[in-house]
Number of protein chains: 2
Amino acid sequence: MRTTRVACCQLAPVMGESAANRAATLAAIESAAEAGARIVVLPELPVSGYVFADPAEALALAEPVDGPSVTAWAEAAARHDVVVVGGLCEAAPDGTLRNSAVLLDRSGLRAVYRKVHLWDAEKLFFTPGNAAPPVVDTPHGRIGVMVCYDLEFPEWVRKPALAGAELLCAPVNWPAEPRPEGEHPGEVVRVQADAMVNRLPIAVADRAGHERGVDWTGGSVIVDADGWPLVLVSEGTDATQILIADVDLTASRDKRISARNDVHADRRPWLY
Amino acid sequence: MRTTRVACCQLAPVMGESAANRAATLAAIESAAEAGARIVVLPELPVSGYVFADPAEALALAEPVDGPSVTAWAEAAARHDVVVVGGLCEAAPDGTLRNSAVLLDRSGLRAVYRKVHLWDAEKLFFTPGNAAPPVVDTPHGRIGVMVCYDLEFPEWVRKPALAGAELLCAPVNWPAEPRPEGEHPGEVVRVQADAMVNRLPIAVADRAGHERGVDWTGGSVIVDADGWPLVLVSEGTDATQILIADVDLTASRDKRISARNDVHADRRPWLY
């Protein structure tokens with residue numbers, strides 16, 4: 001068993017306030033690192049905001065992967081020797097706009113992932129990705145990355161799990177939905193199941209607050225390889241906060257769940 | 001909206017007491033029908049019991065699909081005009097032993113499904129099936145069938161969902177596992193997610209009690225197309241009981257979850 005301290009930073013970006021939003025991400029990385037985190041997850045689109053009025057606004061708030069946000073995160077990752085996974089409204093080299101996530105470690109930018117399953121009005125702004133979630137060997141573990149609605153496609157979560165990810169990091173923006181008393185948000189239930197059927201810990205950084213008529217779930221969570229929450233939002237769903245948990249990243253290497261069962265070896269993909 | 005009353009009969013069979021166990025299944029079907037249920041789900045292996053000592057014992061307790069249990073269930077289904085889905089320790093025509101489920105309606109036996117993903121010692125007794133879960137148009141809805149551990153493979157649940165099932169019925173025997181305070185059993189969490197990512201209601205009949213050192217979860221549940229429990233076990237996990245809920249079977253026909261999202265149309269299977 002090797003536990004690694006993981007932080008999910010639930011932030012409340014303000015649409016269009018990129019400089020302040022970027023500063024908030026850097027302050028969160030700093031706080032997480034000071035608390036001993038080795039892996040720091042930021043929300044989806046934490047610098048630009050999410051509820052764009054039109055494609056022009058999204059484009060105006062986009063950055064390339066060598067832009068100010070990723071450059072600043074790379075410096076922070078190097079300074080603190082942490083892995084940073086964060087969302088980016090990406091002005092891609094091919095001229096498209098992407099809802100992306102980047103993974104950085106002390107050596108710099110290691111992976112760019114472009115969200116494959118787009119949510120609602122994102123379809124008006126972003127071009128979906130076509131590449132599998134990256135799985136990166138970092139100094140602090142073998143880490144997979146996907147974004148928000150991607151988590152709701154179990155076939156997609158299988159890919160980094162089968163590729164040997166020890167932890168799946170997911171920047172998200174979960175719009176608030178009603179749910180019955182006593183139940184976790186539906187998005188958390190789906191993350192729990194994603195973890196359980198793969199024995200794969202998952203760290204989710206959600207956003208908080210309200211933006212242009214949208215309330216956010218504020219449902220950041222870190223679940224272990226059994227799918228049980230190690231830490232959940234505790235201070236109200238619209239609070240900004242940093243969730244921290246010590247996650248056993250070695251647990252994901254053992255897919256056995258009984259004397260004769262293994263969640264991956266028991267698959268019969270030729271029938272699917 | 002068309003609601004249909006569904007009953008999940010949580011029973012506590014006694015190993016080897018086939019006649020009494022069969023009588024208990026018939027009494028449960030009778031009670032469910034009297035309560036207005038049109039679809040009645042029985043547990044996995046409700047007549048034979050589950051924890052076989054060896055293959056010879058399993059074989060001795062097996063029945064063909066024209067044996068006494070299925071014959072009696074067919075009579076009950078016709079008498080009450082109900083759909084019955086129940087587990088069977090099946091002596092198959094090819095000489096193999098199968099962990100099966102049958103679906104019957106007023107016209108008789110409509111489908112036999114042989115469990116594809118075998119749990120633990122089942123691998124010593126049963127030959128796994130190779131056929132997709134049946135999806136049957138019955139007088140009371142279009143119903144899919146699978147068994148227990150099958151539910152833990154989201155790729156498998158996709159098949160009846162994509163084939164237009166309005167309700168997935170699952171006989172199960174869930175061995176009890178520890179879980180954190182306040183959490184549903186892990187099996188229920190996975191069923192909730194199965195329902196959510198497909199907008200497919202699911203009716204699960206678990207067994208109760210204790211058998212040869214195994215405690216059962218007794219976690220029978222009926223979830224709606226949003227994955228929220230309509231009814232959960234309420235009287236303690238080792239109680240026999242009949243769970244009843246009115247399920248909107250038409251909800252499954254609408255896979256939309258936002259103005260621009262559809263849980264099936266949003267899939268990108270060529271990437272999976």
# chains A, B, ... in the order shown; residues from 1 in each chain; ligands from 1

call {"tool": "interface_residues", "arguments": {"of": "chain A", "to": "chain B", "cutoff": "7 Å", "atoms": "only C-alpha atoms", "output": "MDAnalysis selection string"}}
result
chainID A and resid 117 119:120 152 154:156 189:190 193 197 258:261 266 272

call {"tool": "write_last_selection", "arguments": {"atoms": "N, CA, C and O atoms", "output": "tab-separated table (two decimals), in the first residue's frame"}}
result
chain	number	residue	atom	x	y	z
A	117	HIS	N	-17.20	13.75	-24.90
A	117	HIS	CA	-18.67	13.79	-24.77
A	117	HIS	C	-19.06	15.17	-24.27
A	117	HIS	O	-18.80	15.51	-23.11
A	119	TRP	N	-21.45	18.39	-23.25
A	119	TRP	CA	-22.70	18.60	-22.53
A	119	TRP	C	-23.44	19.81	-23.09
A	119	TRP	O	-22.91	20.91	-23.12
A	120	ASP	N	-24.67	19.60	-23.51
A	120	ASP	CA	-25.64	20.65	-23.81
A	120	ASP	C	-25.02	21.76	-24.68
A	120	ASP	O	-24.53	21.47	-25.77
A	152	GLU	N	-19.88	9.71	-17.54
A	152	GLU	CA	-21.19	9.06	-17.58
A	152	GLU	C	-21.25	7.98	-18.65
A	152	GLU	O	-22.31	7.41	-18.90
A	154	PRO	N	-19.63	4.57	-19.24
A	154	PRO	CA	-18.76	3.57	-18.61
A	154	PRO	C	-17.75	2.97	-19.59
A	154	PRO	O	-16.66	2.56	-19.17
A	155	GLU	N	-18.11	2.94	-20.87
A	155	GLU	CA	-17.17	2.41	-21.87
A	155	GLU	C	-15.92	3.29	-21.93
A	155	GLU	O	-14.84	2.81	-22.29
A	156	TRP	N	-16.10	4.58	-21.68
A	156	TRP	CA	-14.98	5.52	-21.75
A	156	TRP	C	-14.09	5.41	-20.52
A	156	TRP	O	-12.86	5.46	-20.62
A	189	VAL	N	-22.97	9.25	-7.69
A	189	VAL	CA	-23.35	7.84	-7.78
A	189	VAL	C	-22.67	7.20	-9.00
A	189	VAL	O	-22.12	6.09	-8.92
A	190	ARG	N	-22.68	7.92	-10.11
A	190	ARG	CA	-22.08	7.37	-11.32
A	190	ARG	C	-20.56	7.24	-11.17
A	190	ARG	O	-19.96	6.26	-11.65
A	193	ALA	N	-19.86	4.15	-9.09
A	193	ALA	CA	-19.97	2.92	-9.89
A	193	ALA	C	-18.79	2.79	-10.85
A	193	ALA	O	-18.24	1.69	-11.02
A	197	VAL	N	-16.59	-0.70	-10.58
A	197	VAL	CA	-16.51	-1.72	-11.63
A	197	VAL	C	-15.11	-1.81	-12.25
A	197	VAL	O	-14.86	-2.68	-13.08
A	258	SER	N	-13.06	-11.29	-5.34
A	258	SER	CA	-13.40	-12.52	-4.61
A	258	SER	C	-12.30	-13.51	-4.94
A	258	SER	O	-11.40	-13.21	-5.73
A	259	ALA	N	-12.40	-14.71	-4.38
A	259	ALA	CA	-11.37	-15.72	-4.64
A	259	ALA	C	-11.23	-16.00	-6.14
A	259	ALA	O	-10.15	-16.32	-6.62
A	260	ARG	N	-12.34	-15.87	-6.88
A	260	ARG	CA	-12.32	-16.25	-8.30
A	260	ARG	C	-12.80	-15.15	-9.23
A	260	ARG	O	-13.15	-15.42	-10.38
A	261	ASN	N	-12.87	-13.93	-8.71
A	261	ASN	CA	-13.35	-12.84	-9.56
A	261	ASN	C	-12.37	-11.68	-9.63
A	261	ASN	O	-11.71	-11.35	-8.64
A	266	ASP	N	-12.84	-10.75	-15.67
A	266	ASP	CA	-14.18	-11.34	-15.84
A	266	ASP	C	-14.95	-10.74	-17.02
A	266	ASP	O	-16.04	-11.23	-17.36
A	272	TYR	N	-19.58	-8.08	-26.17
A	272	TYR	CA	-20.15	-6.75	-25.93
A	272	TYR	C	-20.38	-5.99	-27.24
A	272	TYR	O	-19.84	-6.31	-28.25

call {"tool": "select_by_dssp", "arguments": {"residues": "segment 138-201 of chain A", "states": "alpha helix (DSSP H)", "output": "CSV table (one decimal) with all heavy atoms, in the first residue's frame"}}
result
chain,number,residue,atom,x,y,z
A,154,PRO,N,-19.6,4.6,-19.2
A,154,PRO,CA,-18.8,3.6,-18.6
A,154,PRO,C,-17.8,3.0,-19.6
A,154,PRO,O,-16.7,2.6,-19.2
A,154,PRO,CB,-19.8,2.5,-18.1
A,154,PRO,CG,-21.1,3.2,-18.0
A,154,PRO,CD,-21.1,4.3,-19.1
A,155,GLU,N,-18.1,2.9,-20.9
A,155,GLU,CA,-17.2,2.4,-21.9
A,155,GLU,C,-15.9,3.3,-21.9
A,155,GLU,O,-14.8,2.8,-22.3
A,155,GLU,CB,-17.8,2.4,-23.3
A,155,GLU,CG,-19.1,1.6,-23.4
A,155,GLU,CD,-20.4,2.3,-23.1
A,155,GLU,OE1,-20.3,3.4,-22.4
A,155,GLU,OE2,-21.4,1.9,-23.7
A,156,TRP,N,-16.1,4.6,-21.7
A,156,TRP,CA,-15.0,5.5,-21.8
A,156,TRP,C,-14.1,5.4,-20.5
A,156,TRP,O,-12.9,5.5,-20.6
A,156,TRP,CB,-15.5,6.9,-21.9
A,156,TRP,CG,-14.6,7.9,-22.6
A,156,TRP,CD1,-14.2,9.1,-22.0
A,156,TRP,CD2,-13.9,7.8,-23.8
A,156,TRP,NE1,-13.3,9.7,-22.9
A,156,TRP,CE2,-13.1,8.9,-24.0
A,156,TRP,CE3,-13.9,6.8,-24.8
A,156,TRP,CZ2,-12.3,9.1,-25.1
A,156,TRP,CZ3,-13.2,7.0,-25.9
A,156,TRP,CH2,-12.4,8.1,-26.1
A,157,VAL,N,-14.7,5.2,-19.4
A,157,VAL,CA,-13.9,5.0,-18.1
A,157,VAL,C,-13.1,3.8,-18.2
A,157,VAL,O,-12.0,3.7,-17.6
A,157,VAL,CB,-14.9,5.1,-16.9
A,157,VAL,CG1,-14.1,4.9,-15.6
A,157,VAL,CG2,-15.7,6.4,-16.9
A,158,ARG,N,-13.6,2.7,-18.9
A,158,ARG,CA,-12.9,1.5,-19.0
A,158,ARG,C,-11.5,1.7,-19.6
A,158,ARG,O,-10.6,1.0,-19.3
A,158,ARG,CB,-13.6,0.5,-20.0
A,158,ARG,CG,-14.8,-0.2,-19.4
A,158,ARG,CD,-14.4,-1.3,-18.5
A,158,ARG,NE,-15.5,-2.2,-18.2
A,158,ARG,CZ,-15.8,-2.7,-17.0
A,158,ARG,NH1,-15.0,-2.5,-16.0
A,158,ARG,NH2,-16.8,-3.5,-16.9
A,159,LYS,N,-11.4,2.7,-20.6
A,159,LYS,CA,-10.2,2.8,-21.3
A,159,LYS,C,-9.0,3.2,-20.4
A,159,LYS,O,-8.0,2.4,-20.5
A,159,LYS,CB,-10.4,3.8,-22.5
A,159,LYS,CG,-11.4,3.3,-23.5
A,159,LYS,CD,-11.4,4.2,-24.7
A,159,LYS,CE,-10.4,3.9,-25.8
A,159,LYS,NZ,-10.7,2.7,-26.6
A,160,PRO,N,-9.0,4.2,-19.6
A,160,PRO,CA,-7.9,4.5,-18.8
A,160,PRO,C,-7.7,3.4,-17.7
A,160,PRO,O,-6.6,3.0,-17.3
A,160,PRO,CB,-8.2,5.8,-18.1
A,160,PRO,CG,-9.6,6.0,-18.3
A,160,PRO,CD,-10.0,5.3,-19.6
A,161,ALA,N,-8.9,2.8,-17.3
A,161,ALA,CA,-8.8,1.7,-16.3
A,161,ALA,C,-8.0,0.5,-16.9
A,161,ALA,O,-7.1,0.0,-16.2
A,161,ALA,CB,-10.2,1.3,-15.8
A,162,LEU,N,-8.4,0.1,-18.1
A,162,LEU,CA,-7.7,-1.0,-18.7
A,162,LEU,C,-6.3,-0.7,-19.1
A,162,LEU,O,-5.4,-1.6,-19.2
A,162,LEU,CB,-8.5,-1.5,-20.0
A,162,LEU,CG,-9.8,-2.1,-19.7
A,162,LEU,CD1,-10.6,-2.3,-21.0
A,162,LEU,CD2,-9.7,-3.5,-19.0
A,186,GLY,N,-26.5,12.5,-8.3
A,186,GLY,CA,-26.4,11.5,-9.3
A,186,GLY,C,-25.1,11.3,-9.9
A,186,GLY,O,-24.6,10.2,-10.2
A,187,GLU,N,-24.4,12.5,-10.1
A,187,GLU,CA,-23.0,12.4,-10.7
A,187,GLU,C,-22.1,11.7,-9.8
A,187,GLU,O,-21.2,11.0,-10.3
A,187,GLU,CB,-22.5,13.8,-11.0
A,187,GLU,CG,-23.3,14.6,-12.0
A,187,GLU,CD,-24.4,15.4,-11.4
A,187,GLU,OE1,-24.9,15.1,-10.3
A,187,GLU,OE2,-24.9,16.4,-12.1
A,188,VAL,N,-22.3,11.8,-8.5
A,188,VAL,CA,-21.4,11.1,-7.5
A,188,VAL,C,-21.7,9.6,-7.6
A,188,VAL,O,-20.8,8.8,-7.6
A,188,VAL,CB,-21.6,11.7,-6.1
A,188,VAL,CG1,-20.8,10.8,-5.1
A,188,VAL,CG2,-21.0,13.1,-6.1
A,189,VAL,N,-23.0,9.3,-7.7
A,189,VAL,CA,-23.3,7.8,-7.8
A,189,VAL,C,-22.7,7.2,-9.0
A,189,VAL,O,-22.1,6.1,-8.9
A,189,VAL,CB,-24.9,7.7,-7.9
A,189,VAL,CG1,-25.3,6.2,-8.2
A,189,VAL,CG2,-25.6,8.2,-6.6
A,190,ARG,N,-22.7,7.9,-10.1
A,190,ARG,CA,-22.1,7.4,-11.3
A,190,ARG,C,-20.6,7.2,-11.2
A,190,ARG,O,-20.0,6.3,-11.7
A,190,ARG,CB,-22.5,8.2,-12.5
A,190,ARG,CG,-24.0,8.2,-12.7
A,190,ARG,CD,-24.5,8.8,-14.0
A,190,ARG,NE,-24.5,10.2,-14.1
A,190,ARG,CZ,-25.5,11.0,-13.6
A,190,ARG,NH1,-26.5,10.5,-13.0
A,190,ARG,NH2,-25.4,12.3,-13.7
A,191,VAL,N,-19.9,8.2,-10.5
A,191,VAL,CA,-18.5,8.1,-10.2
A,191,VAL,C,-18.2,6.9,-9.3
A,191,VAL,O,-17.2,6.2,-9.5
A,191,VAL,CB,-18.0,9.4,-9.6
A,191,VAL,CG1,-16.6,9.3,-9.0
A,191,VAL,CG2,-17.9,10.5,-10.7
A,192,GLN,N,-19.0,6.7,-8.3
A,192,GLN,CA,-18.8,5.6,-7.4
A,192,GLN,C,-18.9,4.3,-8.2
A,192,GLN,O,-18.0,3.4,-8.0
A,192,GLN,CB,-19.9,5.5,-6.3
A,192,GLN,CG,-19.8,6.6,-5.3
A,192,GLN,CD,-20.9,6.4,-4.2
A,192,GLN,OE1,-22.0,6.9,-4.3
A,192,GLN,NE2,-20.5,5.7,-3.2
A,193,ALA,N,-19.9,4.2,-9.1
A,193,ALA,CA,-20.0,2.9,-9.9
A,193,ALA,C,-18.8,2.8,-10.8
A,193,ALA,O,-18.2,1.7,-11.0
A,193,ALA,CB,-21.3,2.9,-10.7
A,194,ASP,N,-18.4,3.9,-11.5
A,194,ASP,CA,-17.2,3.9,-12.3
A,194,ASP,C,-16.0,3.3,-11.6
A,194,ASP,O,-15.2,2.5,-12.1
A,194,ASP,CB,-16.8,5.3,-12.8
A,194,ASP,CG,-17.7,5.9,-13.9
A,194,ASP,OD1,-18.4,5.1,-14.6
A,194,ASP,OD2,-17.8,7.1,-14.0
A,195,ALA,N,-15.8,3.8,-10.3
A,195,ALA,CA,-14.7,3.3,-9.5
A,195,ALA,C,-14.9,1.8,-9.2
A,195,ALA,O,-13.9,1.0,-9.3
A,195,ALA,CB,-14.6,4.1,-8.3
A,196,MET,N,-16.1,1.4,-8.8
A,196,MET,CA,-16.3,0.1,-8.3
A,196,MET,C,-16.1,-1.0,-9.4
A,196,MET,O,-15.5,-2.0,-9.1
A,196,MET,CB,-17.8,-0.1,-7.8
A,196,MET,CG,-18.0,0.7,-6.5
A,196,MET,SD,-19.9,0.6,-6.2
A,196,MET,CE,-19.9,1.4,-4.6

call {"tool": "closest_residue", "arguments": {"among": "A:Ala101, A:Val135, A:Leu11, A:Leu88", "to": "Pro68 of chain A", "atoms": "only C-alpha atoms"}}
result
A:Leu88

call {"tool": "residues_around", "arguments": {"residues": "segment 46-58 of chain A", "least_positions_apart": "2", "cutoff": "9 Å", "atoms": "only C-alpha atoms", "output": "ChimeraX atom specification"}}
result
/A:11-25,42-44,60-62,69,86-89,97,121-122,124-126,171,173,207,211-214

call {"tool": "write_last_selection", "arguments": {"atoms": "N, CA, C and O atoms", "output": "short mmCIF file (atom, residue, chain, number, x, y, z; two decimals), in the first residue's frame"}}
result
data_model
loop_
_atom_site.label_atom_id
_atom_site.label_comp_id
_atom_site.auth_asym_id
_atom_site.auth_seq_id
_atom_site.Cartn_x
_atom_site.Cartn_y
_atom_site.Cartn_z
N LEU A 11 -13.60 25.47 -6.88
CA LEU A 11 -13.48 26.93 -7.03
C LEU A 11 -14.78 27.50 -7.60
O LEU A 11 -15.65 26.76 -8.03
N ALA A 12 -14.88 28.82 -7.58
CA ALA A 12 -16.09 29.49 -8.10
C ALA A 12 -15.66 30.60 -9.05
O ALA A 12 -15.71 31.79 -8.70
N PRO A 13 -15.21 30.24 -10.24
CA PRO A 13 -14.74 31.26 -11.18
C PRO A 13 -15.86 32.23 -11.55
O PRO A 13 -17.04 31.89 -11.51
N VAL A 14 -15.45 33.42 -11.91
CA VAL A 14 -16.41 34.45 -12.36
C VAL A 14 -16.18 34.66 -13.85
O VAL A 14 -15.04 34.93 -14.29
N MET A 15 -17.26 34.48 -14.61
CA MET A 15 -17.17 34.57 -16.07
C MET A 15 -16.44 35.84 -16.51
O MET A 15 -16.80 36.96 -16.11
N GLY A 16 -15.41 35.64 -17.29
CA GLY A 16 -14.71 36.77 -17.89
C GLY A 16 -13.59 37.35 -17.04
O GLY A 16 -12.79 38.14 -17.53
N GLU A 17 -13.53 36.94 -15.77
CA GLU A 17 -12.49 37.47 -14.87
C GLU A 17 -11.28 36.54 -14.88
O GLU A 17 -10.88 35.99 -13.86
N SER A 18 -10.69 36.41 -16.06
CA SER A 18 -9.65 35.38 -16.22
C SER A 18 -8.47 35.57 -15.28
O SER A 18 -7.96 34.60 -14.71
N ALA A 19 -8.02 36.80 -15.12
CA ALA A 19 -6.82 37.02 -14.29
C ALA A 19 -7.10 36.60 -12.84
O ALA A 19 -6.30 35.90 -12.21
N ALA A 20 -8.25 37.03 -12.33
CA ALA A 20 -8.59 36.67 -10.95
C ALA A 20 -8.84 35.16 -10.82
O ALA A 20 -8.44 34.54 -9.83
N ASN A 21 -9.51 34.59 -11.82
CA ASN A 21 -9.77 33.15 -11.77
C ASN A 21 -8.46 32.36 -11.79
O ASN A 21 -8.30 31.37 -11.07
N ARG A 22 -7.54 32.82 -12.66
CA ARG A 22 -6.23 32.14 -12.73
C ARG A 22 -5.51 32.26 -11.39
O ARG A 22 -4.93 31.28 -10.90
N ALA A 23 -5.55 33.43 -10.81
CA ALA A 23 -4.91 33.62 -9.50
C ALA A 23 -5.52 32.69 -8.46
O ALA A 23 -4.81 32.14 -7.60
N ALA A 24 -6.83 32.48 -8.53
CA ALA A 24 -7.49 31.57 -7.58
C ALA A 24 -7.01 30.13 -7.78
O ALA A 24 -6.82 29.40 -6.80
N THR A 25 -6.80 29.73 -9.03
CA THR A 25 -6.29 28.36 -9.25
C THR A 25 -4.89 28.22 -8.67
O THR A 25 -4.55 27.19 -8.09
N LEU A 42 -8.04 20.60 -10.51
CA LEU A 42 -8.81 21.83 -10.64
C LEU A 42 -10.09 21.52 -11.43
O LEU A 42 -10.14 20.53 -12.16
N PRO A 43 -11.10 22.39 -11.34
CA PRO A 43 -12.35 22.13 -12.08
C PRO A 43 -12.17 22.25 -13.60
O PRO A 43 -11.12 22.64 -14.11
N GLU A 44 -13.25 21.92 -14.29
CA GLU A 44 -13.40 22.18 -15.73
C GLU A 44 -13.49 23.70 -15.94
O GLU A 44 -14.17 24.40 -15.16
N ALA A 60 -12.89 34.35 -27.15
CA ALA A 60 -12.16 35.46 -26.53
C ALA A 60 -11.52 35.04 -25.21
O ALA A 60 -10.50 35.60 -24.80
N LEU A 61 -12.13 34.04 -24.54
CA LEU A 61 -11.61 33.61 -23.24
C LEU A 61 -10.72 32.37 -23.36
O LEU A 61 -10.21 31.87 -22.36
N ALA A 62 -10.53 31.89 -24.57
CA ALA A 62 -9.72 30.68 -24.76
C ALA A 62 -8.23 31.00 -24.70
O ALA A 62 -7.81 32.14 -24.93
N SER A 69 -2.32 30.41 -18.47
CA SER A 69 -2.77 29.49 -17.40
C SER A 69 -1.87 28.27 -17.31
O SER A 69 -1.36 27.93 -16.24
N GLY A 86 -6.00 20.16 -14.68
CA GLY A 86 -6.98 21.25 -14.68
C GLY A 86 -7.62 21.44 -16.03
O GLY A 86 -7.04 21.09 -17.07
N GLY A 87 -8.82 22.00 -16.01
CA GLY A 87 -9.55 22.26 -17.24
C GLY A 87 -9.06 23.52 -17.94
O GLY A 87 -8.50 24.42 -17.32
N LEU A 88 -9.27 23.55 -19.27
CA LEU A 88 -8.81 24.69 -20.06
C LEU A 88 -9.76 24.91 -21.23
O LEU A 88 -10.07 23.96 -21.97
N CYS A 89 -10.21 26.14 -21.39
CA CYS A 89 -10.93 26.53 -22.61
C CYS A 89 -9.84 26.76 -23.65
O CYS A 89 -9.19 27.80 -23.67
N LEU A 97 -11.97 25.24 -31.02
CA LEU A 97 -12.09 25.51 -29.60
C LEU A 97 -12.39 24.16 -28.93
O LEU A 97 -13.26 23.41 -29.39
N ALA A 121 -25.04 23.00 -24.23
CA ALA A 121 -24.60 24.13 -25.07
C ALA A 121 -23.11 24.07 -25.43
O ALA A 121 -22.67 24.77 -26.34
N GLU A 122 -22.36 23.21 -24.75
CA GLU A 122 -20.96 23.02 -25.18
C GLU A 122 -20.91 22.63 -26.66
O GLU A 122 -19.93 22.93 -27.35
N LEU A 124 -22.41 23.88 -28.96
CA LEU A 124 -22.43 25.09 -29.79
C LEU A 124 -21.05 25.76 -29.85
O LEU A 124 -20.80 26.57 -30.75
N PHE A 125 -20.19 25.45 -28.88
CA PHE A 125 -18.93 26.18 -28.76
C PHE A 125 -17.72 25.33 -29.08
O PHE A 125 -16.74 25.82 -29.65
N PHE A 126 -17.77 24.09 -28.68
CA PHE A 126 -16.56 23.26 -28.71
C PHE A 126 -16.63 22.16 -29.77
O PHE A 126 -17.70 21.65 -30.08
N PRO A 171 -11.64 16.99 -13.97
CA PRO A 171 -12.22 18.32 -13.81
C PRO A 171 -13.67 18.28 -14.30
O PRO A 171 -13.94 17.72 -15.37
N ASN A 173 -17.77 20.42 -14.19
CA ASN A 173 -18.74 21.48 -13.82
C ASN A 173 -20.07 20.78 -13.83
O ASN A 173 -20.64 20.55 -14.90
N ARG A 207 -16.97 22.67 -9.73
CA ARG A 207 -16.98 24.09 -9.41
C ARG A 207 -18.15 24.37 -8.46
O ARG A 207 -19.04 23.53 -8.28
N GLU A 211 -23.77 30.88 -11.94
CA GLU A 211 -23.26 31.62 -13.11
C GLU A 211 -24.35 31.75 -14.14
O GLU A 211 -24.81 30.74 -14.68
N ARG A 212 -24.77 32.95 -14.42
CA ARG A 212 -25.74 33.22 -15.49
C ARG A 212 -26.93 32.27 -15.43
O ARG A 212 -27.29 31.64 -16.44
N GLY A 213 -27.49 32.13 -14.25
CA GLY A 213 -28.70 31.33 -14.11
C GLY A 213 -28.47 29.86 -13.84
O GLY A 213 -29.42 29.11 -13.62
N VAL A 214 -27.21 29.42 -13.86
CA VAL A 214 -26.92 28.01 -13.58
C VAL A 214 -26.38 27.89 -12.15
O VAL A 214 -25.46 28.62 -11.76
#

call {"tool": "residues_around", "arguments": {"residues": "Ala205 of chain B", "least_positions_apart": "3", "cutoff": "7 Å", "atoms": "only C-alpha atoms", "output": "ChimeraX atom specification"}}
result
/B:8-10,41-43,170-172,220-221

call {"tool": "write_last_selection", "arguments": {"atoms": "N, CA, C and O atoms", "output": "PDB file, in the first residue's frame"}}
result
ATOM      1  N   CYS B   8     -40.839  -7.097  -6.419  1.00  0.00           N
ATOM      2  CA  CYS B   8     -39.609  -7.878  -6.253  1.00  0.00           C
ATOM      3  C   CYS B   8     -39.744  -8.671  -4.961  1.00  0.00           C
ATOM      4  O   CYS B   8     -39.909  -8.091  -3.887  1.00  0.00           O
ATOM      5  N   CYS B   9     -39.669  -9.984  -5.094  1.00  0.00           N
ATOM      6  CA  CYS B   9     -39.948 -10.872  -3.960  1.00  0.00           C
ATOM      7  C   CYS B   9     -38.631 -11.321  -3.340  1.00  0.00           C
ATOM      8  O   CYS B   9     -37.910 -12.138  -3.928  1.00  0.00           O
ATOM      9  N   GLN B  10     -38.334 -10.774  -2.179  1.00  0.00           N
ATOM     10  CA  GLN B  10     -37.099 -11.144  -1.485  1.00  0.00           C
ATOM     11  C   GLN B  10     -37.396 -12.355  -0.602  1.00  0.00           C
ATOM     12  O   GLN B  10     -38.101 -12.248   0.401  1.00  0.00           O
ATOM     13  N   VAL B  41     -40.743 -10.293  -9.896  1.00  0.00           N
ATOM     14  CA  VAL B  41     -39.355 -10.754 -10.005  1.00  0.00           C
ATOM     15  C   VAL B  41     -39.013 -11.591  -8.790  1.00  0.00           C
ATOM     16  O   VAL B  41     -39.274 -11.178  -7.642  1.00  0.00           O
ATOM     17  N   LEU B  42     -38.450 -12.763  -9.038  1.00  0.00           N
ATOM     18  CA  LEU B  42     -37.980 -13.667  -7.984  1.00  0.00           C
ATOM     19  C   LEU B  42     -36.455 -13.630  -7.941  1.00  0.00           C
ATOM     20  O   LEU B  42     -35.817 -13.235  -8.916  1.00  0.00           O
ATOM     21  N   PRO B  43     -35.852 -14.072  -6.844  1.00  0.00           N
ATOM     22  CA  PRO B  43     -34.377 -14.047  -6.758  1.00  0.00           C
ATOM     23  C   PRO B  43     -33.716 -15.046  -7.719  1.00  0.00           C
ATOM     24  O   PRO B  43     -34.370 -15.849  -8.388  1.00  0.00           O
ATOM     25  N   ALA B 170     -33.846  -8.307 -12.737  1.00  0.00           N
ATOM     26  CA  ALA B 170     -32.637  -9.051 -12.389  1.00  0.00           C
ATOM     27  C   ALA B 170     -32.823  -9.850 -11.113  1.00  0.00           C
ATOM     28  O   ALA B 170     -32.877  -9.283 -10.021  1.00  0.00           O
ATOM     29  N   PRO B 171     -32.936 -11.169 -11.242  1.00  0.00           N
ATOM     30  CA  PRO B 171     -32.804 -12.028 -10.070  1.00  0.00           C
ATOM     31  C   PRO B 171     -31.352 -11.992  -9.584  1.00  0.00           C
ATOM     32  O   PRO B 171     -30.427 -12.105 -10.401  1.00  0.00           O
ATOM     33  N   VAL B 172     -31.153 -11.801  -8.284  1.00  0.00           N
ATOM     34  CA  VAL B 172     -29.792 -11.746  -7.746  1.00  0.00           C
ATOM     35  C   VAL B 172     -29.719 -12.492  -6.422  1.00  0.00           C
ATOM     36  O   VAL B 172     -30.730 -12.744  -5.770  1.00  0.00           O
ATOM     37  N   SER B 220     -32.850  -5.978  -2.165  1.00  0.00           N
ATOM     38  CA  SER B 220     -33.809  -5.786  -3.265  1.00  0.00           C
ATOM     39  C   SER B 220     -34.147  -4.312  -3.430  1.00  0.00           C
ATOM     40  O   SER B 220     -34.289  -3.581  -2.441  1.00  0.00           O
ATOM     41  N   VAL B 221     -34.295  -3.900  -4.681  1.00  0.00           N
ATOM     42  CA  VAL B 221     -34.539  -2.484  -4.953  1.00  0.00           C
ATOM     43  C   VAL B 221     -35.214  -2.353  -6.321  1.00  0.00           C
ATOM     44  O   VAL B 221     -34.976  -3.169  -7.212  1.00  0.00           O
TER      45      VAL B 221
END

call {"tool": "closest_residue", "arguments": {"among": "A:Val82, A:Leu109, A:Val65, A:Leu103", "to": "Ala37 of chain A", "atoms": "only C-alpha atoms"}}
result
A:Val82

call {"tool": "select_by_dssp", "arguments": {"residues": "segment 2-229 of chain A", "states": "strand (DSSP E)", "output": "VMD selection string"}}
result
chain A and resid 3 to 10 39 to 41 83 to 91 97 to 105 108 to 114 135 to 138 141 to 145 167 to 171 202 to 205 210 to 211 214 to 215 221 to 223 229
